[in-house]
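Shown below: my_file24.txt, with compact mmCIF, C-alpha atoms and all ligand atoms.
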```txt
# COMPACT_ATOMS: atom_id res chain seq x y z
CA MET A 101 37.39 227.36 145.07
CA ILE A 102 37.00 228.98 148.49
CA PHE A 103 34.41 231.58 147.42
CA ASP A 104 32.09 229.18 145.63
CA LYS A 105 30.72 227.93 148.96
CA ILE A 106 30.29 231.37 150.59
CA THR A 107 28.86 233.59 147.84
CA ASP A 108 26.58 233.29 144.81
CA LYS A 109 28.48 236.12 143.15
CA ILE A 110 30.49 235.48 140.01
CA ILE A 111 34.08 234.63 140.90
CA VAL A 112 36.85 236.48 139.10
CA THR A 113 39.97 234.35 138.83
CA ALA A 114 43.58 235.49 138.31
CA LYS A 115 46.93 233.71 138.25
CA ASP A 116 47.41 233.56 141.99
CA TYR A 117 44.10 234.65 143.56
CA GLU A 118 40.35 234.79 143.05
CA MET A 119 37.66 237.14 144.34
CA PRO A 120 33.90 237.79 143.98
CA PHE A 121 33.02 240.20 141.15
CA SER A 122 32.80 243.75 142.52
CA LYS A 123 30.83 246.46 140.69
CA GLY A 124 32.56 249.08 142.87
CA LEU A 125 36.03 247.85 141.92
CA LEU A 126 35.16 247.82 138.22
CA ALA A 127 33.52 251.26 138.50
CA ARG A 128 36.70 252.67 140.04
CA SER A 129 38.78 251.30 137.14
CA LEU A 130 36.37 253.03 134.77
CA THR A 131 36.45 256.39 136.58
CA THR A 132 40.26 256.22 136.53
CA ALA A 133 39.96 255.94 132.75
CA GLY A 134 37.87 259.11 132.76
CA MET A 135 34.27 257.85 132.95
CA LYS A 136 31.95 259.91 135.16
CA PRO A 137 31.32 258.14 138.51
CA SER A 138 27.55 258.19 137.90
CA GLU A 139 28.00 256.40 134.54
CA ALA A 140 30.72 254.05 135.78
CA TYR A 141 28.58 252.28 138.36
CA ILE A 142 25.71 251.85 135.90
CA PHE A 143 28.15 250.46 133.31
CA ALA A 144 29.61 248.04 135.89
CA ARG A 145 26.10 246.90 136.78
CA GLY A 146 25.49 246.23 133.08
CA ILE A 147 28.61 244.09 132.87
CA GLU A 148 27.44 242.10 135.89
CA ALA A 149 24.01 241.62 134.27
CA ASP A 150 25.66 240.33 131.07
CA LEU A 151 27.75 237.86 133.08
CA ASN A 152 24.65 236.65 134.94
CA HIS A 153 22.74 236.44 131.64
CA ASP A 154 25.43 234.10 130.34
CA SER A 155 25.04 232.03 133.55
CA LEU A 156 28.73 232.43 134.28
CA LYS A 157 29.86 231.34 137.75
CA ARG A 158 33.56 232.01 137.19
CA ILE A 159 35.45 234.27 134.77
CA SER A 160 39.15 234.96 134.39
CA LYS A 161 40.37 238.55 134.97
CA TYR A 162 41.73 238.47 131.41
CA GLU A 163 38.34 237.55 129.91
CA LEU A 164 36.56 240.11 132.11
CA ARG A 165 38.94 242.81 130.93
CA GLN A 166 38.21 241.83 127.30
CA ARG A 167 34.45 241.96 127.90
CA VAL A 168 34.71 245.37 129.53
CA TYR A 169 36.93 246.71 126.74
CA TYR A 170 34.63 245.53 123.91
CA SER A 171 31.52 246.63 125.79
CA LEU A 172 33.05 250.12 126.14
CA ILE A 173 33.78 250.15 122.41
CA SER A 174 30.27 249.01 121.49
CA ASN A 175 28.81 251.71 123.75
CA ASP A 176 30.84 254.48 122.02
CA TYR A 177 33.33 254.87 124.87
CA GLU A 178 36.36 254.36 122.60
CA ASP A 179 38.59 256.90 124.39
CA ILE A 180 37.77 255.45 127.79
CA ALA A 181 38.25 251.90 126.45
CA GLU A 182 41.83 252.74 125.46
CA LYS A 183 42.59 254.48 128.78
CA TYR A 184 40.98 251.61 130.69
CA LEU A 185 43.56 249.26 129.23
CA ILE A 186 46.46 251.70 129.46
CA TRP A 187 45.79 252.23 133.17
CA ARG A 188 45.88 248.48 133.77
CA ARG A 189 49.38 248.37 132.30
CA ILE A 190 50.49 251.57 134.11
CA LEU A 191 49.48 250.47 137.58
CA LYS A 192 50.98 247.03 136.97
CA LYS A 193 54.32 248.32 135.69
CA HIS A 194 54.89 251.69 137.35
CA SER A 195 54.61 253.38 140.71
CA VAL A 196 52.61 256.58 140.28
CA ILE A 197 53.95 259.53 142.29
CA ILE A 198 51.80 262.63 142.07
CA LEU A 199 52.65 265.95 143.76
CA VAL A 200 49.70 268.31 144.20
CA GLY A 201 50.92 271.79 145.13
CA GLY A 202 49.15 275.04 145.85
CA ALA A 203 48.81 277.73 148.49
CA SER A 204 46.91 277.16 151.70
CA GLY A 205 43.17 276.79 151.16
CA VAL A 206 43.15 276.21 147.37
CA GLY A 207 42.09 272.59 147.92
CA THR A 208 45.22 270.44 147.66
CA SER A 209 44.11 268.03 150.41
CA THR A 210 40.59 267.63 149.03
CA ILE A 211 41.72 267.04 145.46
CA ALA A 212 44.57 264.73 146.49
CA PHE A 213 42.17 262.41 148.34
CA GLU A 214 39.71 262.45 145.44
CA LEU A 215 42.48 261.61 142.97
CA ALA A 216 43.81 258.83 145.22
CA SER A 217 40.34 257.31 145.40
CA ARG A 218 39.89 257.43 141.63
CA LEU A 219 43.34 255.96 140.96
CA GLY A 220 43.22 253.36 143.73
CA ILE A 221 46.29 254.90 145.38
CA SER A 222 46.16 254.12 149.12
CA SER A 223 48.82 256.57 150.32
CA VAL A 224 48.24 260.34 150.56
CA ILE A 225 50.81 262.37 152.51
CA GLY A 226 50.33 266.03 153.41
CA THR A 227 53.39 268.26 153.49
CA ASP A 228 52.06 269.65 156.78
CA SER A 229 52.74 266.20 158.27
CA ILE A 230 56.21 266.15 156.74
CA ARG A 231 56.74 269.59 158.26
CA GLU A 232 55.88 268.23 161.71
CA VAL A 233 58.47 265.45 161.29
CA MET A 234 61.13 267.96 160.17
CA ARG A 235 60.30 270.10 163.22
CA ARG A 236 61.24 267.10 165.38
CA SER A 237 64.64 266.87 163.73
CA ILE A 238 65.62 270.52 163.18
CA SER A 239 65.68 272.86 166.15
CA LYS A 240 63.82 276.16 166.25
CA ASP A 241 67.12 277.97 166.87
CA VAL A 242 68.55 276.59 163.62
CA VAL A 243 65.51 277.17 161.32
CA PRO A 244 62.96 279.33 163.16
CA MET A 245 60.96 279.76 159.91
CA LEU A 246 60.10 276.04 160.00
CA TYR A 247 58.16 276.58 163.23
CA GLU A 248 55.91 279.15 161.60
CA SER A 249 53.14 278.73 159.00
CA SER A 250 53.97 279.38 155.34
CA TYR A 251 52.31 282.81 155.59
CA THR A 252 53.90 283.89 158.92
CA ALA A 253 57.42 282.55 158.33
CA TRP A 254 58.66 286.05 157.37
CA ARG A 255 58.38 287.01 161.05
CA ALA A 256 61.21 284.57 161.88
CA LEU A 257 63.63 286.15 159.38
CA ARG A 258 66.58 288.03 160.92
CA ASN A 259 66.65 291.84 160.48
CA TYR A 260 63.81 291.92 158.00
CA ASP A 261 62.59 295.15 156.42
CA GLU A 262 58.77 295.37 156.39
CA ASP A 263 59.00 297.55 153.27
CA ASP A 264 60.83 294.81 151.38
CA ASP A 265 58.47 293.81 148.51
CA ASP A 266 59.23 290.11 148.60
CA LEU A 267 59.64 289.79 152.38
CA TYR A 268 56.73 287.35 152.64
CA ILE A 269 58.07 285.19 149.81
CA GLN A 270 61.56 285.16 151.35
CA GLY A 271 59.99 283.86 154.57
CA PHE A 272 57.92 281.32 152.61
CA ILE A 273 60.99 280.02 150.78
CA ARG A 274 62.98 279.57 154.01
CA HIS A 275 59.94 277.83 155.53
CA VAL A 276 59.66 275.44 152.57
CA GLU A 277 63.36 274.50 152.27
CA PRO A 278 63.62 271.98 155.14
CA VAL A 279 60.27 270.35 154.22
CA LEU A 280 61.64 269.59 150.74
CA LEU A 281 64.09 267.11 152.28
CA GLY A 282 61.13 265.07 153.52
CA ILE A 283 59.22 265.36 150.24
CA GLU A 284 62.21 264.17 148.19
CA GLY A 285 62.89 261.39 150.68
CA ILE A 286 59.34 260.06 150.24
CA ILE A 287 59.65 260.21 146.44
CA ASP A 288 62.95 258.28 146.60
CA ARG A 289 61.42 255.66 148.87
CA CYS A 290 58.41 255.15 146.61
CA LEU A 291 60.62 254.88 143.52
CA THR A 292 62.79 252.29 145.30
CA GLU A 293 59.81 250.32 146.58
CA GLY A 294 57.76 250.69 143.39
CA THR A 295 54.81 252.03 145.40
CA SER A 296 52.42 254.84 144.49
CA VAL A 297 51.73 257.93 146.56
CA ILE A 298 50.13 261.36 146.31
CA ILE A 299 51.94 264.12 148.21
CA GLU A 300 49.95 267.32 148.68
CA GLY A 301 50.49 270.74 150.22
CA THR A 302 51.76 274.28 150.01
CA HIS A 303 55.41 273.19 150.31
CA ILE A 304 55.41 271.65 146.81
CA VAL A 305 57.07 274.48 144.86
CA PRO A 306 58.21 272.90 141.56
CA GLY A 307 61.30 275.10 141.10
CA MET A 308 62.55 274.24 144.60
CA ILE A 309 62.38 270.49 144.08
CA SER A 310 65.54 268.99 142.56
CA ASP A 311 65.57 268.91 138.75
CA LYS A 312 66.18 265.16 138.68
CA TYR A 313 62.63 264.54 139.94
CA HIS A 314 61.19 266.56 137.05
CA ASP A 315 62.92 264.19 134.61
CA ILE A 316 61.39 261.02 136.07
CA PRO A 317 58.33 260.14 133.89
CA ASN A 318 56.20 258.63 136.67
CA VAL A 319 56.73 261.61 139.01
CA ILE A 320 53.96 264.03 138.10
CA PHE A 321 53.66 267.64 139.32
CA LEU A 322 50.30 269.43 139.45
CA THR A 323 49.54 272.89 140.91
CA LEU A 324 46.11 274.03 142.04
CA THR A 325 45.13 277.66 142.23
CA LEU A 326 42.19 279.99 142.80
CA SER A 327 42.26 283.24 140.85
CA SER A 328 39.20 284.58 142.63
CA GLU A 329 40.19 285.97 146.04
CA ASN A 330 36.55 285.87 147.04
CA VAL A 331 36.23 282.14 146.29
CA HIS A 332 39.54 281.49 148.06
CA LYS A 333 38.31 283.26 151.22
CA LYS A 334 35.06 281.30 151.06
CA ARG A 335 37.05 278.07 151.06
CA PHE A 336 38.53 278.99 154.45
CA ILE A 337 35.04 279.91 155.70
CA ALA A 338 33.62 276.57 154.48
CA ARG A 339 36.45 274.61 156.05
CA ALA A 340 36.16 276.36 159.40
CA LYS A 341 32.62 274.99 159.65
CA VAL A 342 33.87 271.40 159.63
CA SER A 343 37.35 271.60 161.09
CA ASP A 344 39.31 273.22 163.93
CA ARG A 345 41.47 275.21 161.50
CA PRO A 346 41.11 278.80 162.86
CA LEU A 347 39.24 280.95 160.27
CA GLU A 348 40.51 284.31 161.56
CA ARG A 349 44.16 283.27 161.17
CA TYR A 350 43.70 282.61 157.45
CA LEU A 351 41.58 285.69 156.73
CA GLU A 352 43.99 287.97 158.67
CA ASN A 353 46.90 286.60 156.60
CA PHE A 354 44.94 286.28 153.36
CA GLU A 355 46.96 288.91 151.46
CA ILE A 356 50.17 286.99 152.20
CA ILE A 357 48.54 283.64 151.33
CA ASN A 358 47.39 285.19 148.06
CA ASN A 359 50.94 286.43 147.38
CA ILE A 360 52.22 282.90 147.99
CA ASN A 361 49.53 281.55 145.66
CA LYS A 362 50.71 283.88 142.88
CA TYR A 363 54.35 282.94 143.54
CA ILE A 364 53.64 279.19 143.33
CA VAL A 365 51.65 279.67 140.10
CA LYS A 366 54.45 281.77 138.55
CA ASP A 367 57.04 279.16 139.58
CA SER A 368 54.84 276.36 138.18
CA ASN A 369 54.45 278.11 134.83
CA ALA A 370 58.22 278.66 134.67
CA HIS A 371 58.77 274.93 135.22
CA ILE A 372 56.07 273.72 132.78
CA VAL A 373 53.93 272.32 135.59
CA PRO A 374 50.18 272.27 134.83
CA VAL A 375 48.22 274.87 136.84
CA ILE A 376 44.59 273.93 137.43
CA GLU A 377 41.89 276.36 138.61
CA ASN A 378 40.21 274.39 141.38
CA VAL A 379 36.63 275.68 141.07
CA SER A 380 34.64 272.44 140.85
CA ILE A 381 35.96 269.27 142.53
CA SER A 382 34.75 266.95 139.76
CA ASP A 383 36.14 269.14 136.95
CA THR A 384 39.48 269.52 138.75
CA VAL A 385 39.79 265.77 139.34
CA GLN A 386 38.83 265.08 135.71
CA GLU A 387 41.48 267.52 134.48
CA CYS A 388 44.13 266.03 136.79
CA LEU A 389 43.26 262.52 135.56
CA GLU A 390 43.58 263.68 131.95
CA ILE A 391 47.02 265.16 132.65
CA VAL A 392 48.22 262.05 134.51
CA THR A 393 46.81 259.65 131.90
CA ASN A 394 48.32 261.60 129.00
CA LYS A 395 51.70 261.63 130.77
CA PHE A 396 51.56 257.89 131.10
CA ASN A 397 50.25 257.49 127.56
CA THR A 398 53.47 259.09 126.36
CA LEU A 399 55.48 256.82 128.63
CA ASP A 400 53.54 253.82 127.37
CA GLU A 401 54.16 254.76 123.73
CA GLU A 402 57.87 255.27 124.46
CA GLU A 403 57.92 251.78 125.95
CA GLY A 404 56.26 250.52 122.79
CA GLY A 405 53.08 249.44 124.59
CA GLU A 406 50.42 248.12 122.21
CA ILE A 407 46.75 248.07 123.09
CA GLU A 408 46.48 244.63 121.52
CA GLU A 409 48.83 243.19 124.15
CA LEU A 410 46.30 243.95 126.85
CA ILE A 411 43.23 242.26 125.48
N1 LIG A 501 36.77 272.40 144.06
C1 LIG A 501 36.22 272.70 145.26
N2 LIG A 501 34.95 273.17 145.33
C2 LIG A 501 34.40 273.49 146.53
N3 LIG A 501 35.03 273.35 147.72
C3 LIG A 501 36.30 272.90 147.69
C4 LIG A 501 36.97 272.54 146.49
N4 LIG A 501 38.22 272.12 146.80
C5 LIG A 501 38.33 272.21 148.15
N5 LIG A 501 37.18 272.66 148.69
C6 LIG A 501 36.92 272.98 150.10
O1 LIG A 501 37.76 274.09 150.42
C7 LIG A 501 38.28 273.96 151.77
C8 LIG A 501 39.81 273.95 151.70
O2 LIG A 501 40.20 272.77 151.02
P1 LIG A 501 41.52 271.97 151.51
O3 LIG A 501 41.48 271.81 152.99
O4 LIG A 501 41.62 270.76 150.67
O5 LIG A 501 42.62 273.05 151.14
P2 LIG A 501 44.19 272.88 151.28
O6 LIG A 501 44.78 273.49 150.07
O7 LIG A 501 44.55 271.48 151.61
O8 LIG A 501 44.46 273.83 152.52
P3 LIG A 501 45.74 273.73 153.52
O9 LIG A 501 46.96 273.74 152.68
O10 LIG A 501 45.57 274.95 154.39
O11 LIG A 501 45.56 272.45 154.30
C9 LIG A 501 37.72 272.65 152.31
O12 LIG A 501 36.54 272.95 153.07
C10 LIG A 501 37.34 271.86 151.05
O13 LIG A 501 36.23 271.00 151.31
O1 LIG A 502 51.47 276.74 156.67
C1 LIG A 502 50.45 276.75 155.95
O2 LIG A 502 50.27 277.47 154.96
C2 LIG A 502 49.29 275.81 156.28
C3 LIG A 502 49.15 274.78 155.19
O3 LIG A 502 50.34 274.12 154.98
O4 LIG A 502 49.55 275.15 157.50
P1 LIG A 502 49.10 275.79 158.91
O5 LIG A 502 48.23 276.99 158.58
O6 LIG A 502 48.35 274.71 159.61
O7 LIG A 502 50.38 276.20 159.61
```

Can you give me the file's structure in the form of C-alpha cells?
Ligand SMILES: Nc1ncnc2c1ncn2[C@@H]1O[C@H](COP(=O)(O)OP(=O)(O)OP(=O)(O)O)[C@@H](O)[C@H]1O
Ligand SMILES: O=C(O)[C@@H](CO)OP(=O)(O)O
Amino acid sequence: MIFDKITDKIIVTAKDYEMPFSKGLLARSLTTAGMKPSEAYIFARGIEADLNHDSLKRISKYELRQRVYYSLISNDYEDIAEKYLIWRRILKKHSVIILVGGASGVGTSTIAFELASRLGISSVIGTDSIREVMRRSISKDVVPMLYESSYTAWRALRNYDEDDDDLYIQGFIRHVEPVLLGIEGIIDRCLTEGTSVIIEGTHIVPGMISDKYHDIPNVIFLTLTLSSENVHKKRFIARAKVSDRPLERYLENFEIINNINKYIVKDSNAHIVPVIENVSISDTVQECLEIVTNKFNTLDEEEGGEIEELI
C-alpha cells in the first residue's frame, strides 16, 4: 500500500507490484495497437475519468485491461481492441527483434526510435555502432573496406576497375560482411535472454543475413526506401542542419548511395522482406506496426492464442 500515502492517483495492482495509473503508459499501449497518438491520449484520459467517476482508489491490471478492451469495443475500435490484447500477450511471451534496413539517409534511425517508443522497446542499436566495434577487432590491413563508409568502400577493393558496373556494390558487400557478425551476435543474445531490440542501419541486407534468422517468427525484417532522389537528398540537407554529419560527403556520393538503396530494395524483394516508402514518419511507423502486429498475429494463432484468455 506504499502509493496510497503519496499519491491521490488510482493505484493499479498486479501480482507482484503496484503503480499509480498512468495515462501515458496506457496511451502507449494503445498506439502500439495502432491507435493514433492524438486519439490514444484522449482515450486514456477518458478511461481515467471513468475510474474516477466510479470512485475507484485501486484497480487490478486485469480489470483495467478488461475495461479498456470493452471501452474500445463500445467506441467502435474493434480492430484496435483485438490488437491491444494480442500485444499484451506478445510482449509477455516473446522477445521482439526488429531489423530496420535501408541505405544511408532513408530514415532508418528516425523510424527505429519511433517504433521503439511505440512498442515500449528500450534498446535500439545502430549498425554504425556495431561497425565501430568490429573496427576495433578487425585490422584495417585485413578488411580495409570496413574502415570506409558503405558508399566509399569500393575504394578499398584491390585492383578494381572503375568501369565495372557493380564496383560500388562489390565494395558495399565487402563493407557489410564483417558487420553482419555483430548483428547476428546481438540477435542471438536477445533470443537467449528473451529481450527485445530494434537494430537499424544500412548494413541490414536481408539476403546477407543467415537464413536461420529469417525462419525465426519473432525476428522481423523491414526495409525502408525513398524512390524520389530529390526527397532523399533533402533528407541529408535536413539532417545536416541538426547534426555534424557532413552534407557534402553524402551529396558527392549520392549516386552510389542511390545505387546501394536500389540494391537493398532488390535484395529485400527477393527475400520477401517488406519494403516501405518512408515519406511520412507517422505513416511509415503505422505501416511498420501493422506488419509487426500481423506477423505476431499469425504466431499467436499458431500458438492457439484465444482473445478470451486475455480478458
Ligand atoms: N519520414 C520522414 N519524413 C521527414 N523526415 C524524415 C523522415 N524520416 C527521416 N527523416 C529525416 O531525414 C534525415 C535522415 O534520417 P536518419 O538519420 O534517420 O537516416 P538514416 O537512414 O538513419 O541515415 P544513416 O544511415 O546515414 O544514419 C533526418 O534529418 C531525419 O529527421
Ligand atoms: O556508411 C554509411 O553509409 C553511413 C551510414 O551507415 O555511415 P557513415 O556515413 O557515417 O560512414

Can you check which parts of chain A lie within 8 Å of ligand LIG 501 (chain A)? Per residue, the shortest pair of atoms and distance in Å to one decimal, counting all atoms listed in the file, sorted by chain and number, as JSON lines.
```
{"residue": "A:Gly202", "atom": "CA", "partner": "A:LIG501", "partner_atom": "O6", "distance": 6.3}
{"residue": "A:Ala203", "atom": "CA", "partner": "A:LIG501", "partner_atom": "O6", "distance": 6.1}
{"residue": "A:Ser204", "atom": "CA", "partner": "A:LIG501", "partner_atom": "O9", "distance": 3.6}
{"residue": "A:Gly205", "atom": "CA", "partner": "A:LIG501", "partner_atom": "O8", "distance": 3.5}
{"residue": "A:Val206", "atom": "CA", "partner": "A:LIG501", "partner_atom": "O6", "distance": 4.2}
{"residue": "A:Gly207", "atom": "CA", "partner": "A:LIG501", "partner_atom": "O5", "distance": 3.3}
{"residue": "A:Thr208", "atom": "CA", "partner": "A:LIG501", "partner_atom": "O6", "distance": 3.9}
{"residue": "A:Ser209", "atom": "CA", "partner": "A:LIG501", "partner_atom": "O7", "distance": 3.7}
{"residue": "A:Thr210", "atom": "CA", "partner": "A:LIG501", "partner_atom": "O4", "distance": 3.7}
{"residue": "A:Ile211", "atom": "CA", "partner": "A:LIG501", "partner_atom": "N4", "distance": 6.3}
{"residue": "A:Ala212", "atom": "CA", "partner": "A:LIG501", "partner_atom": "O4", "distance": 7.9}
{"residue": "A:Asp228", "atom": "CA", "partner": "A:LIG501", "partner_atom": "O11", "distance": 7.5}
{"residue": "A:Glu300", "atom": "CA", "partner": "A:LIG501", "partner_atom": "O7", "distance": 7.4}
{"residue": "A:Gly301", "atom": "CA", "partner": "A:LIG501", "partner_atom": "O9", "distance": 5.2}
{"residue": "A:Thr302", "atom": "CA", "partner": "A:LIG501", "partner_atom": "O9", "distance": 5.5}
{"residue": "A:His332", "atom": "CA", "partner": "A:LIG501", "partner_atom": "O1", "distance": 8.0}
{"residue": "A:Lys334", "atom": "CA", "partner": "A:LIG501", "partner_atom": "O1", "distance": 7.7}
{"residue": "A:Arg335", "atom": "CA", "partner": "A:LIG501", "partner_atom": "O1", "distance": 4.1}
{"residue": "A:Phe336", "atom": "CA", "partner": "A:LIG501", "partner_atom": "C7", "distance": 5.7}
{"residue": "A:Ile337", "atom": "CA", "partner": "A:LIG501", "partner_atom": "O12", "distance": 7.6}
{"residue": "A:Ala338", "atom": "CA", "partner": "A:LIG501", "partner_atom": "O12", "distance": 4.9}
{"residue": "A:Arg339", "atom": "CA", "partner": "A:LIG501", "partner_atom": "O12", "distance": 3.4}
{"residue": "A:Ala340", "atom": "CA", "partner": "A:LIG501", "partner_atom": "O12", "distance": 7.2}
{"residue": "A:Lys341", "atom": "CA", "partner": "A:LIG501", "partner_atom": "O12", "distance": 7.9}
{"residue": "A:Val342", "atom": "CA", "partner": "A:LIG501", "partner_atom": "O12", "distance": 7.3}
{"residue": "A:Asn378", "atom": "CA", "partner": "A:LIG501", "partner_atom": "N1", "distance": 4.8}
{"residue": "A:Val379", "atom": "CA", "partner": "A:LIG501", "partner_atom": "N1", "distance": 4.4}
{"residue": "A:Ser380", "atom": "CA", "partner": "A:LIG501", "partner_atom": "N1", "distance": 3.9}
{"residue": "A:Ile381", "atom": "CA", "partner": "A:LIG501", "partner_atom": "N1", "distance": 3.6}
{"residue": "A:Ser382", "atom": "CA", "partner": "A:LIG501", "partner_atom": "N1", "distance": 7.2}
{"residue": "A:Asp383", "atom": "CA", "partner": "A:LIG501", "partner_atom": "N1", "distance": 7.8}
{"residue": "A:Thr384", "atom": "CA", "partner": "A:LIG501", "partner_atom": "N1", "distance": 6.6}
```

**Report entry** Spatial neighbours of segment 354-359 of chain A, 7 Å, all atoms listed in the file, chain gap at least 2 places, as a list in words
**Finding:**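 So the residues in contact are Ala203, Ser204, Tyr251, Tyr268, Tyr350, Leu351, Glu352, Asn361, Lys362 and Tyr363 of chain A.
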
Write the residues of the selection above to a file with C-alpha atoms, as a compact mmCIF listing (two decimals), in the frame of the given file.
```txt
# COMPACT_ATOMS: atom_id res chain seq x y z
CA ALA A 203 48.81 277.73 148.49
CA SER A 204 46.91 277.16 151.70
CA TYR A 251 52.31 282.81 155.59
CA TYR A 268 56.73 287.35 152.64
CA TYR A 350 43.70 282.61 157.45
CA LEU A 351 41.58 285.69 156.73
CA GLU A 352 43.99 287.97 158.67
CA ASN A 361 49.53 281.55 145.66
CA LYS A 362 50.71 283.88 142.88
CA TYR A 363 54.35 282.94 143.54
```

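Distances to ligand LIG 502 (chain A) were evaluated for A:Asp265, A:Glu182, A:Glu390, A:Glu232 using all atoms listed in the file, and the minimum falls at A:Glu232.
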
**Report entry** Shell around Ile197 of chain A at 6 Å using only C-alpha atoms, local window under 5 positions removed, as a PyMOL selection string
**Finding:** chain A and resi 296-298+319

Padding of 4 Å on every side, edges along x, y and z, all listed atoms of segment 319-332 of chain A included: what centre and edge lengths in Å, to one decimal, does that box have, as JSON?
```
{"center_x": 46.5, "center_y": 273.8, "center_z": 143.1, "size_x": 28.5, "size_y": 32.4, "size_z": 18.0}
```

Report task. Just the residues within 12 Å of Lys136 of chain A, please, counting only C-alpha atoms, with nothing from its chain fewer than 2 positions along; format it as a list in words. Result -> Ala127, Arg128, Ser129, Leu130, Thr131, Thr132, Ala133, Gly134, Ser138, Glu139, Ala140, Tyr141, Ile142, Phe143, Tyr177, Ile180, Arg218, Ser382, Asp383, Val385, Gln386 and Leu389 of chain A

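Here atom CA of Asp116 of chain A stands at a distance of 21.3 Å from atom CA of Glu293 of chain A.
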
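The closest residue to Ser160 of chain A, picked from A:Arg258, A:Lys115, A:Arg289, A:Arg189 and counting all atoms listed in the file, is A:Lys115.
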